[in-house]
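Data first, discussion second: the structure below is written as structure tokens.
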Amino acid sequence: MRGTLESIDLSDAVRAGAKPVVYYSAVENLDLSQYYREDEKESIITKIKADTDVWSTKVPAGGLSEVPAVAIDLSSREDGSQFLLYPEDTLKIYLYMHAPHDLDNEHPDYFKDKAGNDTDGRDHSKNAHAFNDIYMDCMQLLSGGRQNHDYIHYSYTKVGIYTKYMHVLKEWDDDDDRDGLRPGEITVKLYADGVYTGKYVVLNKDNGCCLHGFYPWL
């Protein structure tokens, strides 16, 4: 993951009858492909359960912000029987994440795209995204009692947010400061739906009494 995990919503899986078990890993840049071998029948989640040095059902002491990888086991129901997802049924699991923004200088990789190419760090729209590497391992039950071990890998998913672009301009109607009363700077408080956000911008002669750009804290 790139971005910070904040919560996981498993309610849809529970409504479908599954008993979700979440495994957390605090290992950065974990390569999940190591748990998959095409010639093996053992499921990925079985290997994850056994790899107790990397995975745990307990959230790290520092919270979900320290978790760069999760694995979710949906193989069982509450009564211990096998959980089945029937044709045409759907199931949703939501990972809520806080995307990095372009003012976060502690994480220089956030200024790069997935291929490692530099992006314009000033452009919030290019950097405020969460990136995920997704694997799914399941067993398909076919007619005649046949089974098919299905493995799906989406190596690059990018989830972004709407950018907030703001243009603030002060225009003076004082005949070019004829009376010498124009202040050196002014503070413009920013309101949202009539409520002060606690944020403000300062306009002065150095910025031409004009500011514009992407503001991730709006």
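In the structure tokens, the first chain shown is A, the next is B, and so on; residue numbers restart at 1 for each chain, and ligands run from 1 in the order shown.
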Give me the residues within 10 Å of Ser7 in chain A as JSON, numbers by chain, counting only C-alpha atoms and dropping any in the same chain fewer than 2 places off. {"A": [4, 5, 9, 10, 63, 64, 65, 94, 95, 96, 97, 98]}
Residues from the last selection, C-alpha atoms, saved as an mmCIF file, in the first residue's frame:
```cif
data_model
loop_
_atom_site.group_PDB
_atom_site.id
_atom_site.type_symbol
_atom_site.label_atom_id
_atom_site.label_comp_id
_atom_site.auth_asym_id
_atom_site.auth_seq_id
_atom_site.Cartn_x
_atom_site.Cartn_y
_atom_site.Cartn_z
ATOM 1 C CA THR A 4 -2.139 5.120 5.444
ATOM 2 C CA LEU A 5 -4.710 2.493 6.376
ATOM 3 C CA ASP A 9 -15.291 -2.274 6.613
ATOM 4 C CA LEU A 10 -16.238 -5.982 6.649
ATOM 5 C CA GLY A 63 -2.363 1.043 15.136
ATOM 6 C CA LEU A 64 -3.429 0.509 11.546
ATOM 7 C CA SER A 65 -1.124 3.273 10.343
ATOM 8 C CA TYR A 94 -13.713 -1.470 1.915
ATOM 9 C CA LEU A 95 -10.238 -0.373 2.971
ATOM 10 C CA TYR A 96 -10.369 3.246 4.042
ATOM 11 C CA MET A 97 -7.035 4.954 3.572
ATOM 12 C CA HIS A 98 -5.575 8.405 4.005
#
```
Counting only C-alpha atoms, the option among A:Asp73, A:Asp137, A:Asp12, A:Glu88 closest to Tyr36 in chain A: A:Asp137
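Between CA of Leu141 in chain A and CA of Leu32 in chain A the separation is 24.7 Å.
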So that I can check the surroundings of range 148-156 of chain A, please list as a PyMOL selection string every protein, DNA and RNA residue that reaches within 7 Å of it, counting only C-alpha atoms and ignoring chain neighbours fewer than 3 positions away. chain A and resi 131-141
Would you mind exporting the chosen residues as a compact mmCIF listing (two decimals), in the first residue's frame, restricted to all heavy atoms?
```
# COMPACT_ATOMS: atom_id res chain seq x y z
N PHE A 131 -2.26 3.70 -3.43
CA PHE A 131 -1.94 2.64 -4.38
C PHE A 131 -2.00 1.29 -3.66
O PHE A 131 -1.51 1.16 -2.54
CB PHE A 131 -0.53 2.84 -4.95
CG PHE A 131 -0.38 4.09 -5.75
CD1 PHE A 131 -0.04 5.29 -5.15
CD2 PHE A 131 -0.58 4.07 -7.12
CE1 PHE A 131 0.11 6.45 -5.90
CE2 PHE A 131 -0.45 5.23 -7.88
CZ PHE A 131 -0.10 6.42 -7.26
N ASN A 132 -2.59 0.30 -4.31
CA ASN A 132 -2.69 -1.02 -3.70
C ASN A 132 -2.35 -2.12 -4.69
O ASN A 132 -2.58 -2.00 -5.89
CB ASN A 132 -4.12 -1.25 -3.17
CG ASN A 132 -4.43 -0.38 -1.98
OD1 ASN A 132 -3.90 -0.59 -0.90
ND2 ASN A 132 -5.28 0.61 -2.18
N ASP A 133 -1.80 -3.20 -4.16
CA ASP A 133 -1.48 -4.41 -4.92
C ASP A 133 -2.43 -5.49 -4.39
O ASP A 133 -2.35 -5.85 -3.21
CB ASP A 133 -0.02 -4.78 -4.65
CG ASP A 133 0.56 -5.61 -5.77
OD1 ASP A 133 -0.11 -5.80 -6.79
OD2 ASP A 133 1.71 -6.09 -5.62
N ILE A 134 -3.33 -6.00 -5.22
CA ILE A 134 -4.42 -6.85 -4.73
C ILE A 134 -4.32 -8.27 -5.27
O ILE A 134 -4.11 -8.48 -6.48
CB ILE A 134 -5.79 -6.25 -5.12
CG1 ILE A 134 -5.94 -4.86 -4.49
CG2 ILE A 134 -6.92 -7.15 -4.68
CD1 ILE A 134 -7.21 -4.15 -4.90
N TYR A 135 -4.46 -9.24 -4.37
CA TYR A 135 -4.46 -10.66 -4.72
C TYR A 135 -5.77 -11.28 -4.23
O TYR A 135 -6.26 -10.94 -3.16
CB TYR A 135 -3.30 -11.40 -4.05
CG TYR A 135 -1.92 -11.00 -4.52
CD1 TYR A 135 -1.33 -9.83 -4.08
CD2 TYR A 135 -1.19 -11.82 -5.39
CE1 TYR A 135 -0.06 -9.45 -4.50
CE2 TYR A 135 0.07 -11.46 -5.80
CZ TYR A 135 0.63 -10.28 -5.35
OH TYR A 135 1.90 -9.93 -5.76
N MET A 136 -6.30 -12.20 -5.01
CA MET A 136 -7.45 -12.98 -4.57
C MET A 136 -7.20 -14.46 -4.88
O MET A 136 -6.79 -14.82 -5.98
CB MET A 136 -8.74 -12.55 -5.23
CG MET A 136 -9.97 -13.25 -4.62
SD MET A 136 -11.52 -12.90 -5.47
CE MET A 136 -11.36 -13.98 -6.90
N ASP A 137 -7.44 -15.29 -3.89
CA ASP A 137 -7.25 -16.74 -4.03
C ASP A 137 -8.57 -17.41 -3.65
O ASP A 137 -9.07 -17.19 -2.54
CB ASP A 137 -6.12 -17.19 -3.11
CG ASP A 137 -5.76 -18.65 -3.30
OD1 ASP A 137 -6.09 -19.21 -4.36
OD2 ASP A 137 -5.15 -19.24 -2.38
N CYS A 138 -9.14 -18.21 -4.54
CA CYS A 138 -10.41 -18.84 -4.23
C CYS A 138 -10.51 -20.21 -4.90
O CYS A 138 -9.73 -20.55 -5.80
CB CYS A 138 -11.59 -17.96 -4.68
SG CYS A 138 -11.72 -17.77 -6.46
N MET A 139 -11.46 -20.98 -4.46
CA MET A 139 -11.72 -22.30 -5.02
C MET A 139 -13.09 -22.29 -5.69
O MET A 139 -14.10 -22.01 -5.04
CB MET A 139 -11.68 -23.38 -3.93
CG MET A 139 -11.85 -24.79 -4.47
SD MET A 139 -10.46 -25.30 -5.52
CE MET A 139 -9.16 -25.45 -4.27
N GLN A 140 -13.12 -22.53 -6.99
CA GLN A 140 -14.37 -22.61 -7.73
C GLN A 140 -14.91 -24.04 -7.68
O GLN A 140 -14.18 -25.00 -7.94
CB GLN A 140 -14.17 -22.20 -9.19
CG GLN A 140 -13.96 -20.72 -9.39
CD GLN A 140 -13.84 -20.38 -10.87
OE1 GLN A 140 -13.12 -21.03 -11.62
NE2 GLN A 140 -14.57 -19.37 -11.30
N LEU A 141 -16.19 -24.17 -7.33
CA LEU A 141 -16.85 -25.47 -7.32
C LEU A 141 -17.63 -25.61 -8.62
O LEU A 141 -18.57 -24.86 -8.88
CB LEU A 141 -17.78 -25.58 -6.12
CG LEU A 141 -17.12 -25.38 -4.74
CD1 LEU A 141 -18.15 -25.55 -3.64
CD2 LEU A 141 -15.95 -26.35 -4.55
```
Compile the contact shell of Asp53 in chain A as a count of residues only: residues with an atom at most 12 Å away, counting only C-alpha atoms, same-chain residues fewer than 6 positions apart removed. 6
